[in-house]
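Just structure.txt here, compact mmCIF, C-alpha atoms and all ligand atoms:
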# COMPACT_ATOMS: atom_id res chain seq x y z
CA MET I 1 7.05 2.58 -67.01
CA ILE I 2 3.35 3.19 -66.38
CA ASP I 3 3.29 3.37 -62.59
CA LEU I 4 -0.15 2.56 -61.17
CA ARG I 5 1.06 1.30 -57.78
CA SER I 6 0.03 4.49 -55.98
CA ASP I 7 -0.52 8.22 -56.41
CA THR I 8 2.45 8.71 -54.06
CA VAL I 9 4.76 8.13 -57.06
CA THR I 10 3.91 11.48 -58.69
CA LYS I 11 6.95 13.68 -59.31
CA PRO I 12 6.83 17.43 -58.68
CA THR I 13 5.54 19.42 -61.67
CA PRO I 14 7.79 21.98 -63.41
CA ALA I 15 5.83 24.75 -61.63
CA MET I 16 6.50 23.07 -58.26
CA ARG I 17 10.21 22.76 -58.99
CA ARG I 18 10.39 26.45 -59.91
CA ALA I 19 8.50 27.46 -56.76
CA MET I 20 10.79 25.24 -54.66
CA ALA I 21 13.90 26.84 -56.15
CA GLU I 22 12.61 30.33 -55.50
CA ALA I 23 10.93 29.75 -52.10
CA GLU I 24 11.54 32.24 -49.32
CA VAL I 25 12.63 30.25 -46.26
CA GLY I 26 13.38 30.63 -42.53
CA ASP I 27 13.69 28.37 -39.51
CA ASP I 28 10.31 26.72 -39.07
CA VAL I 29 11.10 25.46 -35.56
CA TYR I 30 11.20 29.20 -34.68
CA GLY I 31 7.98 29.63 -36.69
CA GLU I 32 9.93 31.84 -39.10
CA ASP I 33 9.52 30.13 -42.43
CA PRO I 34 7.23 32.46 -44.43
CA THR I 35 6.36 29.82 -47.05
CA VAL I 36 5.40 27.26 -44.41
CA ASN I 37 3.35 29.90 -42.59
CA LEU I 38 1.53 30.80 -45.80
CA LEU I 39 0.80 27.14 -46.57
CA GLN I 40 -0.59 26.63 -43.05
CA GLU I 41 -2.79 29.73 -43.32
CA ARG I 42 -4.13 28.72 -46.73
CA ALA I 43 -4.81 25.14 -45.61
CA ALA I 44 -6.75 26.39 -42.58
CA GLU I 45 -8.76 28.75 -44.81
CA ILE I 46 -9.55 26.12 -47.43
CA PHE I 47 -10.68 23.65 -44.75
CA GLY I 48 -12.68 26.24 -42.79
CA LYS I 49 -10.72 25.54 -39.59
CA GLU I 50 -8.71 27.80 -37.26
CA ALA I 51 -5.22 26.48 -37.87
CA ALA I 52 -3.05 23.97 -39.74
CA LEU I 53 0.36 22.36 -39.33
CA PHE I 54 2.81 21.12 -41.98
CA LEU I 55 4.15 17.62 -41.27
CA PRO I 56 6.60 15.30 -42.98
CA THR I 57 4.05 12.46 -43.35
CA GLY I 58 0.38 11.65 -43.10
CA SER I 59 1.08 8.91 -40.59
CA MET I 60 2.62 11.48 -38.24
CA GLY I 61 -0.47 13.69 -38.62
CA ASN I 62 -2.86 10.82 -37.91
CA GLN I 63 -0.85 9.59 -34.93
CA ILE I 64 -0.54 13.05 -33.37
CA ALA I 65 -4.32 13.34 -33.68
CA VAL I 66 -4.81 9.96 -31.97
CA LYS I 67 -2.40 11.06 -29.22
CA LEU I 68 -4.16 14.38 -28.60
CA HIS I 69 -7.71 13.06 -28.66
CA THR I 70 -7.20 9.99 -26.43
CA LYS I 71 -5.83 8.78 -23.11
CA PRO I 72 -3.83 5.53 -22.69
CA GLY I 73 -6.14 2.56 -22.21
CA GLN I 74 -8.87 3.91 -24.46
CA GLU I 75 -10.11 2.46 -27.75
CA VAL I 76 -10.20 3.96 -31.22
CA VAL I 77 -13.22 2.94 -33.29
CA ILE I 78 -12.19 2.59 -36.94
CA GLU I 79 -13.36 0.82 -40.10
CA GLU I 80 -11.54 -2.53 -40.28
CA ARG I 81 -9.57 -1.66 -43.45
CA GLY I 82 -8.60 1.81 -42.17
CA HIS I 83 -5.05 3.05 -42.80
CA ILE I 84 -4.52 4.22 -39.21
CA TYR I 85 -5.17 0.68 -38.02
CA ASN I 86 -3.52 -1.37 -40.78
CA TYR I 87 -0.60 0.61 -42.18
CA GLU I 88 0.83 2.76 -39.42
CA MET I 89 2.99 0.28 -37.49
CA ALA I 90 0.51 -0.15 -34.58
CA ALA I 91 1.56 3.39 -33.66
CA MET I 92 -1.73 4.00 -31.86
CA ALA I 93 -0.57 1.36 -29.38
CA ALA I 94 3.13 2.30 -29.38
CA ILE I 95 2.67 6.07 -29.10
CA SER I 96 -0.75 6.56 -27.51
CA GLY I 97 -1.36 3.33 -25.58
CA THR I 98 -4.69 2.86 -27.36
CA LEU I 99 -6.32 -0.19 -28.89
CA ALA I 100 -8.15 -0.28 -32.21
CA ARG I 101 -11.78 -1.41 -32.18
CA PRO I 102 -12.18 -2.34 -35.88
CA VAL I 103 -15.70 -2.18 -37.31
CA LYS I 104 -17.21 -3.55 -40.54
CA SER I 105 -19.34 -1.29 -42.71
CA SER I 106 -22.73 -2.95 -43.04
CA ASP I 107 -22.88 -2.38 -46.82
CA GLY I 108 -19.28 -3.51 -47.45
CA SER I 109 -18.31 -0.15 -48.97
CA GLY I 110 -15.93 0.77 -46.17
CA ILE I 111 -18.17 3.77 -45.49
CA LEU I 112 -19.54 3.50 -41.96
CA ASN I 113 -22.94 4.68 -40.76
CA TRP I 114 -23.87 5.55 -37.18
CA ASP I 115 -25.41 2.12 -36.50
CA ASP I 116 -22.15 0.41 -37.50
CA ILE I 117 -20.22 2.73 -35.21
CA SER I 118 -22.50 2.90 -32.19
CA ALA I 119 -22.46 -0.89 -31.75
CA ALA I 120 -18.69 -0.62 -31.12
CA ILE I 121 -18.73 2.36 -28.80
CA ARG I 122 -18.20 1.89 -25.09
CA ALA I 123 -19.50 5.02 -23.40
CA ASN I 124 -19.91 5.92 -19.74
CA ASP I 125 -22.81 3.51 -19.27
CA ALA I 126 -20.59 0.49 -20.05
CA PRO I 127 -19.42 -1.72 -17.14
CA TYR I 128 -16.40 -0.29 -15.35
CA TYR I 129 -14.06 -3.10 -16.51
CA VAL I 130 -14.58 -2.25 -20.19
CA ALA I 131 -12.19 0.14 -21.97
CA ARG I 132 -13.81 3.42 -22.97
CA THR I 133 -13.92 4.71 -26.54
CA GLY I 134 -11.61 7.71 -26.84
CA LEU I 135 -11.85 8.49 -30.54
CA LEU I 136 -13.72 7.76 -33.74
CA ALA I 137 -11.39 7.71 -36.77
CA LEU I 138 -12.93 8.08 -40.25
CA GLU I 139 -11.21 7.80 -43.65
CA ASN I 140 -12.30 9.73 -46.76
CA SER I 141 -11.73 8.64 -49.48
CA HIS I 142 -11.28 5.11 -48.20
CA ASN I 143 -8.05 3.74 -49.65
CA LEU I 144 -8.35 -0.03 -49.16
CA ALA I 145 -12.08 -0.06 -49.85
CA GLY I 146 -11.31 1.20 -53.38
CA GLY I 147 -11.41 4.97 -52.98
CA THR I 148 -15.00 5.02 -51.78
CA VAL I 149 -16.36 8.31 -50.48
CA MET I 150 -18.30 9.43 -47.40
CA SER I 151 -20.76 12.24 -48.22
CA ALA I 152 -20.82 15.51 -46.31
CA GLU I 153 -24.29 14.54 -45.11
CA ARG I 154 -23.16 11.18 -43.67
CA THR I 155 -20.13 12.83 -42.06
CA GLY I 156 -22.43 15.42 -40.48
CA GLU I 157 -24.87 12.80 -39.14
CA ILE I 158 -22.07 10.73 -37.60
CA CYS I 159 -20.36 13.73 -36.00
CA GLU I 160 -23.62 15.01 -34.55
CA LYS I 161 -24.21 11.69 -32.79
CA ALA I 162 -20.58 11.55 -31.66
CA ARG I 163 -20.84 15.06 -30.21
CA GLU I 164 -23.88 14.04 -28.15
CA ILE I 165 -21.61 11.61 -26.27
CA ASN I 166 -18.52 13.89 -26.31
CA LEU I 167 -16.64 11.54 -28.63
CA PRO I 168 -14.01 13.35 -30.75
CA VAL I 169 -13.80 12.53 -34.47
CA HIS I 170 -10.59 12.54 -36.51
CA LEU I 171 -10.71 12.30 -40.29
CA ASP I 172 -7.89 10.61 -42.20
CA GLY I 173 -8.39 12.68 -45.33
CA ALA I 174 -5.22 11.56 -47.10
CA ARG I 175 -7.24 11.90 -50.34
CA ILE I 176 -9.96 14.28 -49.21
CA PHE I 177 -9.55 16.45 -52.32
CA ASN I 178 -10.43 13.39 -54.41
CA ALA I 179 -13.47 12.79 -52.21
CA ALA I 180 -14.57 16.42 -52.58
CA VAL I 181 -14.26 16.31 -56.38
CA ALA I 182 -16.25 13.06 -56.50
CA GLU I 183 -19.02 14.50 -54.32
CA ASN I 184 -18.91 17.91 -56.02
CA VAL I 185 -18.52 19.68 -52.67
CA SER I 186 -15.65 21.57 -51.03
CA VAL I 187 -13.11 19.95 -48.72
CA ALA I 188 -14.52 22.28 -46.04
CA ASP I 189 -17.96 20.70 -46.50
CA LEU I 190 -16.45 17.27 -45.83
CA SER I 191 -14.36 18.35 -42.87
CA LYS I 192 -16.51 20.98 -41.10
CA PRO I 193 -18.16 18.52 -38.70
CA VAL I 194 -14.97 16.69 -37.62
CA ASP I 195 -12.55 17.83 -34.90
CA SER I 196 -9.35 17.28 -36.88
CA VAL I 197 -8.32 16.32 -40.40
CA GLN I 198 -5.09 15.00 -41.86
CA PHE I 199 -4.54 15.33 -45.61
CA CYS I 200 -1.62 14.41 -47.88
CA LEU I 201 0.10 16.85 -50.22
CA SER I 202 2.22 13.98 -51.52
CA LYS I 203 -0.47 11.78 -53.10
CA GLY I 204 -2.65 12.82 -56.02
CA LEU I 205 -1.94 16.48 -55.25
CA GLY I 206 1.58 15.87 -56.54
CA ALA I 207 3.90 17.49 -53.97
CA PRO I 208 7.07 15.48 -53.31
CA VAL I 209 6.72 15.39 -49.50
CA GLY I 210 4.31 16.45 -46.81
CA SER I 211 0.94 16.33 -45.12
CA MET I 212 -1.17 18.79 -43.15
CA LEU I 213 -3.04 18.48 -39.89
CA VAL I 214 -5.98 20.88 -39.58
CA GLY I 215 -8.11 21.74 -36.53
CA SER I 216 -8.72 24.27 -33.78
CA ARG I 217 -5.91 26.65 -32.77
CA ASP I 218 -5.42 24.95 -29.38
CA PHE I 219 -5.29 21.53 -31.01
CA ILE I 220 -2.70 22.67 -33.58
CA ASP I 221 -0.58 24.36 -30.88
CA GLU I 222 -0.39 21.05 -29.02
CA ALA I 223 0.17 19.16 -32.27
CA ARG I 224 3.22 21.35 -32.98
CA ALA I 225 4.77 20.25 -29.69
CA TRP I 226 4.08 16.59 -30.46
CA ARG I 227 5.53 16.98 -33.95
CA LYS I 228 8.77 18.14 -32.29
CA LEU I 229 8.66 15.32 -29.75
CA LEU I 230 8.38 12.80 -32.59
CA GLY I 231 11.37 14.32 -34.39
CA GLY I 232 9.34 16.16 -37.00
CA GLY I 233 10.48 19.73 -36.31
CA MET I 234 12.04 20.81 -39.61
CA ARG I 235 14.08 23.92 -40.43
CA GLN I 236 14.13 25.69 -43.84
CA VAL I 237 11.29 23.51 -45.01
CA GLY I 238 9.69 26.25 -47.10
CA VAL I 239 11.31 24.52 -50.09
CA LEU I 240 8.77 21.73 -49.55
CA ALA I 241 5.88 23.98 -48.51
CA ALA I 242 6.28 25.88 -51.81
CA ALA I 243 5.34 22.69 -53.67
CA GLY I 244 2.53 22.11 -51.17
CA LEU I 245 1.00 25.51 -51.96
CA ILE I 246 0.76 24.61 -55.64
CA ALA I 247 -0.60 21.20 -54.64
CA ILE I 248 -3.57 22.74 -52.79
CA GLU I 249 -4.20 25.71 -55.10
CA GLU I 250 -3.75 24.15 -58.54
CA THR I 251 -3.87 20.34 -58.59
CA PRO I 252 -7.47 19.92 -57.33
CA LYS I 253 -8.68 21.53 -60.59
CA SER I 254 -7.57 18.49 -62.59
CA LEU I 255 -8.29 15.58 -60.21
CA HIS I 256 -11.50 14.83 -62.15
CA VAL I 257 -9.29 13.62 -65.03
CA ASP I 258 -7.74 10.97 -62.74
CA HIS I 259 -11.24 9.89 -61.74
CA GLU I 260 -12.36 9.60 -65.39
CA ASN I 261 -9.26 7.51 -66.17
CA ALA I 262 -9.96 5.26 -63.17
CA ARG I 263 -13.53 4.69 -64.34
CA VAL I 264 -12.38 3.82 -67.89
CA LEU I 265 -9.85 1.40 -66.41
CA ALA I 266 -12.53 -0.21 -64.21
CA GLU I 267 -15.01 -0.52 -67.10
CA GLY I 268 -12.36 -2.12 -69.30
CA ALA I 269 -11.21 -4.47 -66.55
CA ALA I 270 -14.79 -5.56 -65.81
CA ASN I 271 -14.97 -7.02 -69.34
CA LEU I 272 -11.85 -9.16 -68.94
CA ARG I 273 -11.94 -12.90 -68.26
CA GLY I 274 -11.60 -13.76 -64.55
CA VAL I 275 -11.87 -10.16 -63.32
CA SER I 276 -14.62 -8.99 -60.99
CA ILE I 277 -15.23 -5.35 -60.27
CA ASP I 278 -18.29 -3.10 -60.27
CA PRO I 279 -17.14 -0.03 -62.24
CA GLU I 280 -20.04 2.02 -60.84
CA LYS I 281 -18.33 1.88 -57.45
CA VAL I 282 -15.15 3.48 -58.76
CA VAL I 283 -15.76 7.16 -57.96
CA THR I 284 -12.23 8.47 -57.31
CA ASN I 285 -8.74 7.45 -58.47
CA ILE I 286 -8.42 3.97 -56.94
CA VAL I 287 -9.34 0.79 -58.83
CA ILE I 288 -9.26 -2.53 -56.96
CA PHE I 289 -10.34 -5.62 -58.87
CA ASP I 290 -10.62 -9.23 -57.80
CA VAL I 291 -8.77 -11.84 -59.89
CA SER I 292 -9.51 -14.94 -57.82
CA LYS I 293 -11.29 -16.52 -60.84
CA ALA I 294 -8.51 -15.70 -63.29
CA GLY I 295 -6.61 -18.97 -62.79
CA VAL I 296 -3.44 -16.99 -62.16
CA SER I 297 -2.55 -15.17 -58.94
CA ALA I 298 -2.61 -11.41 -58.44
CA GLY I 299 1.13 -11.51 -57.74
CA GLU I 300 1.81 -13.38 -61.01
CA ILE I 301 -0.37 -10.96 -63.00
CA CYS I 302 1.54 -8.01 -61.51
CA MET I 303 4.86 -9.67 -62.41
CA ARG I 304 3.73 -10.18 -66.01
CA LEU I 305 2.48 -6.58 -66.15
CA LYS I 306 5.88 -5.40 -64.95
CA GLU I 307 7.55 -7.22 -67.86
CA LYS I 308 5.35 -5.08 -70.09
CA GLY I 309 6.36 -1.86 -68.34
CA ILE I 310 3.30 -1.54 -66.08
CA LEU I 311 3.46 -1.42 -62.28
CA ALA I 312 0.48 -2.37 -60.08
CA SER I 313 0.09 -3.63 -56.50
CA PRO I 314 -1.22 -7.09 -55.57
CA PHE I 315 -3.43 -7.18 -52.44
CA GLY I 316 -4.39 -10.78 -51.64
CA ASN I 317 -6.65 -11.93 -54.50
CA SER I 318 -6.98 -8.39 -55.80
CA ILE I 319 -4.92 -5.91 -57.77
CA ARG I 320 -4.88 -2.20 -56.95
CA MET I 321 -4.25 0.44 -59.60
CA VAL I 322 -4.21 4.15 -58.75
CA THR I 323 -4.48 6.90 -61.35
CA HIS I 324 -2.68 10.25 -61.03
CA TYR I 325 -1.50 13.07 -63.25
CA ASP I 326 1.44 11.10 -64.65
CA VAL I 327 -1.02 8.53 -66.08
CA THR I 328 -2.67 9.36 -69.41
CA ARG I 329 -5.79 7.89 -71.08
CA GLU I 330 -3.44 6.21 -73.55
CA ASN I 331 -1.61 4.54 -70.61
CA ILE I 332 -4.97 3.18 -69.44
CA GLN I 333 -5.60 1.59 -72.85
CA THR I 334 -2.07 0.12 -72.87
CA THR I 335 -2.72 -1.34 -69.41
CA LEU I 336 -6.04 -2.88 -70.44
CA ASP I 337 -4.46 -4.40 -73.56
CA ALA I 338 -1.65 -5.89 -71.45
CA LEU I 339 -4.12 -7.28 -68.91
CA GLN I 340 -6.16 -8.87 -71.70
CA THR I 341 -3.08 -10.56 -73.13
CA ILE I 342 -2.01 -11.88 -69.74
CA LEU I 343 -5.46 -13.15 -68.78
C1 LIG B 401 -0.96 7.51 -47.60
C2 LIG B 401 -1.96 7.50 -46.56
C3 LIG B 401 -1.70 8.01 -45.27
C4 LIG B 401 -0.37 8.61 -44.84
O1 LIG B 401 0.72 8.07 -45.42
P1 LIG B 401 2.23 8.59 -45.23
O2 LIG B 401 2.94 7.67 -46.16
O3 LIG B 401 2.58 8.42 -43.81
O4 LIG B 401 2.29 10.02 -45.67
C5 LIG B 401 -2.73 7.99 -44.36
N1 LIG B 401 -3.93 7.51 -44.67
C6 LIG B 401 -4.24 7.04 -45.89
C7 LIG B 401 -5.62 6.58 -46.19
C8 LIG B 401 -3.26 6.99 -46.88
O5 LIG B 401 -3.57 6.52 -48.08

Rewrite the structure from the file as structure tokens, please.
Amino acid sequence: MIDLRSDTVTKPTPAMRRAMAEAEVGDDVYGEDPTVNLLQERAAEIFGKEAALFLPTGSMGNQIAVKLHTKPGQEVVIEERGHIYNYEMAAMAAISGTLARPVKSSDGSGILNWDDISAAIRANDAPYYVARTGLLALENSHNLAGGTVMSAERTGEICEKAREINLPVHLDGARIFNAAVAENVSVADLSKPVDSVQFCLSKGLGAPVGSMLVGSRDFIDEARAWRKLLGGGMRQVGVLAAAGLIAIEETPKSLHVDHENARVLAEGAANLRGVSIDPEKVVTNIVIFDVSKAGVSAGEICMRLKEKGILASPFGNSIRMVTHYDVTRENIQTTLDALQTIL
């Protein structure tokens, strides 16, 4: 099978499996797992922040951040296709008592600018019967917008304005390493201006499980308590952190290959009958193309692809394909040939 449904499907590399087998471990609820501690120190260093916390999932990291930055009854301003709003079980309402204030990006890229955001913010000068904005949540790269990227400059501008009105900013950086490679900057450059960042070890970075929350020491101390409250205090979890260390130290060096494969896929798809996509906009590892003019539904196309050994995800009138290290250039050609036959 060529599995293009997501970069979550990556299996641990041989080096990860070796490191997992040999990992030194301890009880992480006592703070005594040396491999977890090392992963947390390295993540904080790489992101240029004071501290980091290992978590079972990215959703838990995002939701702990929402919880810590907000009070019940406040709003979270977020791009309308954001993961925190659409794919996390309304947890911001269930756990934090907050309401999403979804915002469109004026250029359709999913990448917000300050004008898009400020129109949705309710600050202290709003009438008393209007809920206040408690948090701005950004996403980089933007999953549902097709892996689009917010530059370090844009992130800095937005955070500067947010700081002027004491509005905290959380970054859902599930794929921030992909964003950094695309922008040719460091992940620290993209996350320096924000208050907290969540990133996934388990996506394109290839670890089997895990995400990290990164921020100030006080924030991470509180986050550790909330992780426990939510049932995420794990014990000899160094076996997972060992894979995470390889994910942050080694995998970023080859993410550009996934991006090249995604671009080739997008360019090939753009030439197919009934497909619309602008390949220039594919800058990371996510390819979303519209098939509403194909005369056959996205779901049907995905079913026919599956018969040919290729897995992809239908999203409404579009199909999403995500490249990762288990997908070769040859697999891309096979996929394009299959798509051509089907269309
Ligand atoms: C995958 C993902 C997450 C977190 O997902 P989990 O499955 O909970 O680890 C968060 N944000 C984005 C943009 C994602 O793609």

Around all the atoms of ligand LIG 401 (chain B) listed in the file, draw an axis-aligned box and extend it by 5 Å on each of the six sides; I want its centre and edge lengths in Å to one decimal, as JSON.
{"center_x": -1.3, "center_y": 8.3, "center_z": -45.9, "size_x": 18.6, "size_y": 13.5, "size_z": 14.3}

Chain I near ligand LIG 401 (chain B) within 10 Å: what's each residue's closest atom pair and its distance in Å to one decimal, counting all atoms listed in the file, ordered by chain then ascending residue number, as CSV?
residue,atom,partner,partner_atom,distance
I:Ser6,CA,B:LIG401,O5,8.9
I:Asp7,CA,B:LIG401,C1,8.8
I:Thr8,CA,B:LIG401,C1,7.4
I:Leu55,CA,B:LIG401,O4,9.0
I:Pro56,CA,B:LIG401,O4,7.3
I:Thr57,CA,B:LIG401,O4,3.8
I:Gly58,CA,B:LIG401,C4,3.6
I:Ser59,CA,B:LIG401,O3,3.6
I:Met60,CA,B:LIG401,O3,6.4
I:Gly61,CA,B:LIG401,O3,8.0
I:Asn62,CA,B:LIG401,C5,7.0
I:Gln63,CA,B:LIG401,O3,9.6
I:Arg81,CA,B:LIG401,C7,9.5
I:Gly82,CA,B:LIG401,C7,6.9
I:His83,CA,B:LIG401,C7,4.9
I:Ile84,CA,B:LIG401,N1,6.4
I:Tyr85,CA,B:LIG401,N1,9.6
I:Asn86,CA,B:LIG401,N1,9.7
I:Tyr87,CA,B:LIG401,C5,8.0
I:Glu88,CA,B:LIG401,O3,7.4
I:Leu138,CA,B:LIG401,C7,9.5
I:Glu139,CA,B:LIG401,C7,6.3
I:Asn140,CA,B:LIG401,C7,7.4
I:Ser141,CA,B:LIG401,C7,7.2
I:His142,CA,B:LIG401,C7,6.2
I:Asn143,CA,B:LIG401,C7,5.1
I:Leu144,CA,B:LIG401,C7,7.7
I:Ala145,CA,B:LIG401,C7,10.0
I:Gly147,CA,B:LIG401,C7,9.1
I:Leu171,CA,B:LIG401,N1,9.4
I:Asp172,CA,B:LIG401,N1,5.6
I:Gly173,CA,B:LIG401,C7,6.8
I:Ala174,CA,B:LIG401,C6,4.8
I:Arg175,CA,B:LIG401,O5,6.9
I:Ile176,CA,B:LIG401,C7,9.3
I:Gln198,CA,B:LIG401,C5,7.8
I:Phe199,CA,B:LIG401,C5,7.7
I:Cys200,CA,B:LIG401,O4,6.3
I:Leu201,CA,B:LIG401,O4,8.5
I:Ser202,CA,B:LIG401,O4,7.1
I:Lys203,CA,B:LIG401,C1,7.0
I:Val209,CA,B:LIG401,O4,7.9
I:Gly210,CA,B:LIG401,O4,6.8
I:Ser211,CA,B:LIG401,O4,6.5
I:Met212,CA,B:LIG401,O4,9.8

In the coordinates of the file, take the point (-22.8, 11.9, -36.3) and a cut-off of 12 Å; then, counting only C-alpha atoms, name each qualifying protein, DNA or RNA residue as a tab-separated table (two decimals) with C-alpha atoms, in the coordinates of the input.
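See point_19.tsv below for the written result:
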chain	number	residue	atom	x	y	z
I	112	LEU	CA	-19.54	3.50	-41.96
I	113	ASN	CA	-22.94	4.68	-40.76
I	114	TRP	CA	-23.87	5.55	-37.18
I	115	ASP	CA	-25.41	2.12	-36.50
I	116	ASP	CA	-22.15	0.41	-37.50
I	117	ILE	CA	-20.22	2.73	-35.21
I	118	SER	CA	-22.50	2.90	-32.19
I	136	LEU	CA	-13.72	7.76	-33.74
I	138	LEU	CA	-12.93	8.08	-40.25
I	152	ALA	CA	-20.82	15.51	-46.31
I	153	GLU	CA	-24.29	14.54	-45.11
I	154	ARG	CA	-23.16	11.18	-43.67
I	155	THR	CA	-20.13	12.83	-42.06
I	156	GLY	CA	-22.43	15.42	-40.48
I	157	GLU	CA	-24.87	12.80	-39.14
I	158	ILE	CA	-22.07	10.73	-37.60
I	159	CYS	CA	-20.36	13.73	-36.00
I	160	GLU	CA	-23.62	15.01	-34.55
I	161	LYS	CA	-24.21	11.69	-32.79
I	162	ALA	CA	-20.58	11.55	-31.66
I	163	ARG	CA	-20.84	15.06	-30.21
I	164	GLU	CA	-23.88	14.04	-28.15
I	165	ILE	CA	-21.61	11.61	-26.27
I	166	ASN	CA	-18.52	13.89	-26.31
I	167	LEU	CA	-16.64	11.54	-28.63
I	168	PRO	CA	-14.01	13.35	-30.75
I	169	VAL	CA	-13.80	12.53	-34.47
I	193	PRO	CA	-18.16	18.52	-38.70
I	194	VAL	CA	-14.97	16.69	-37.62
I	195	ASP	CA	-12.55	17.83	-34.90

Residues within 7 Å of Leu99 (chain I), all atoms listed in the file, excluding chain neighbours under 2 positions, as a list in words: Gln74, Glu75, Val76, Met92, Ala93, Gly97 and Arg101 of chain I

Written selection (C-alpha atoms) as a JSON list (two decimals), in the coordinates of the input:
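Final output, again15.json:
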[["chain", "number", "residue", "atom", "x", "y", "z"],
["I", 74, "GLN", "CA", -8.87, 3.91, -24.46],
["I", 75, "GLU", "CA", -10.11, 2.46, -27.75],
["I", 76, "VAL", "CA", -10.20, 3.96, -31.22],
["I", 92, "MET", "CA", -1.73, 4.00, -31.86],
["I", 93, "ALA", "CA", -0.57, 1.36, -29.38],
["I", 97, "GLY", "CA", -1.36, 3.33, -25.58],
["I", 101, "ARG", "CA", -11.78, -1.41, -32.18]]

Closest of I:Met150, I:Ile301, I:Leu68, I:Ala120 to Ser318 (chain I) - atom-to-atom distances counting only C-alpha atoms: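 Looking at the shortest contact to Ser318 (chain I), the residue is I:Ile301.
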
Long-range neighbours of Ile342 (chain I) as a VMD selection string, 10 Å cut-off, only C-alpha atoms, 5 positions minimum in chain: chain I and resid 294 296 300 to 302 304 to 305 336 to 337

CA of Gly215 (chain I) to CA of Val197 (chain I), straight-line distance in Å: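 Rounded to one decimal, the two atoms are 6.7 Å apart.
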
Skip Lys308 (chain I) itself and residues of its chain fewer than 4 positions away, then list as a short mmCIF file (atom, residue, chain, number, x, y, z; two decimals) with C-alpha atoms, in the frame of the given file all residues within 10 Å of it, counting only C-alpha atoms.
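New file selection-v5.cif:
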data_model
loop_
_atom_site.label_atom_id
_atom_site.label_comp_id
_atom_site.auth_asym_id
_atom_site.auth_seq_id
_atom_site.Cartn_x
_atom_site.Cartn_y
_atom_site.Cartn_z
CA MET I 1 7.05 2.58 -67.01
CA ILE I 2 3.35 3.19 -66.38
CA CYS I 302 1.54 -8.01 -61.51
CA MET I 303 4.86 -9.67 -62.41
CA ARG I 304 3.73 -10.18 -66.01
CA THR I 334 -2.07 0.12 -72.87
CA THR I 335 -2.72 -1.34 -69.41
CA ALA I 338 -1.65 -5.89 -71.45
CA LEU I 339 -4.12 -7.28 -68.91
#

Atom-to-atom span, CA of Asn285 (chain I) and CA of Arg320 (chain I), Å: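 Separation of CA of Asn285 (chain I) and CA of Arg320 (chain I): 10.5 Å.
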
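Rounded to one decimal, CA of Val187 (chain I) and CA of Thr284 (chain I) lie 14.4 Å from each other.
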
Protein/DNA/RNA residues near (-18.3, 23.8, -48.1), cut 12 Å, all atoms listed in the file, as an NGL selection string: :I and (45-49 or 151-153 or 180-181 or 183-193)

What does the file look like for those residues with C-alpha atoms, as a PDB file, in the coordinates of the input?
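What ended up in selection.pdb:
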ATOM      1  CA  GLU I  45      -8.760  28.750 -44.810  1.00  0.00           C
ATOM      2  CA  ILE I  46      -9.550  26.120 -47.430  1.00  0.00           C
ATOM      3  CA  PHE I  47     -10.680  23.650 -44.750  1.00  0.00           C
ATOM      4  CA  GLY I  48     -12.680  26.240 -42.790  1.00  0.00           C
ATOM      5  CA  LYS I  49     -10.720  25.540 -39.590  1.00  0.00           C
ATOM      6  CA  SER I 151     -20.760  12.240 -48.220  1.00  0.00           C
ATOM      7  CA  ALA I 152     -20.820  15.510 -46.310  1.00  0.00           C
ATOM      8  CA  GLU I 153     -24.290  14.540 -45.110  1.00  0.00           C
ATOM      9  CA  ALA I 180     -14.570  16.420 -52.580  1.00  0.00           C
ATOM     10  CA  VAL I 181     -14.260  16.310 -56.380  1.00  0.00           C
ATOM     11  CA  GLU I 183     -19.020  14.500 -54.320  1.00  0.00           C
ATOM     12  CA  ASN I 184     -18.910  17.910 -56.020  1.00  0.00           C
ATOM     13  CA  VAL I 185     -18.520  19.680 -52.670  1.00  0.00           C
ATOM     14  CA  SER I 186     -15.650  21.570 -51.030  1.00  0.00           C
ATOM     15  CA  VAL I 187     -13.110  19.950 -48.720  1.00  0.00           C
ATOM     16  CA  ALA I 188     -14.520  22.280 -46.040  1.00  0.00           C
ATOM     17  CA  ASP I 189     -17.960  20.700 -46.500  1.00  0.00           C
ATOM     18  CA  LEU I 190     -16.450  17.270 -45.830  1.00  0.00           C
ATOM     19  CA  SER I 191     -14.360  18.350 -42.870  1.00  0.00           C
ATOM     20  CA  LYS I 192     -16.510  20.980 -41.100  1.00  0.00           C
ATOM     21  CA  PRO I 193     -18.160  18.520 -38.700  1.00  0.00           C
TER      22      PRO I 193
END

Near-Gly238 (chain I) list (12 Å; all atoms listed in the file; drop same-chain fewer than 6 positions) as number ranges by chain: I: 19-29, 31-40, 54-55, 209-210, 244-245
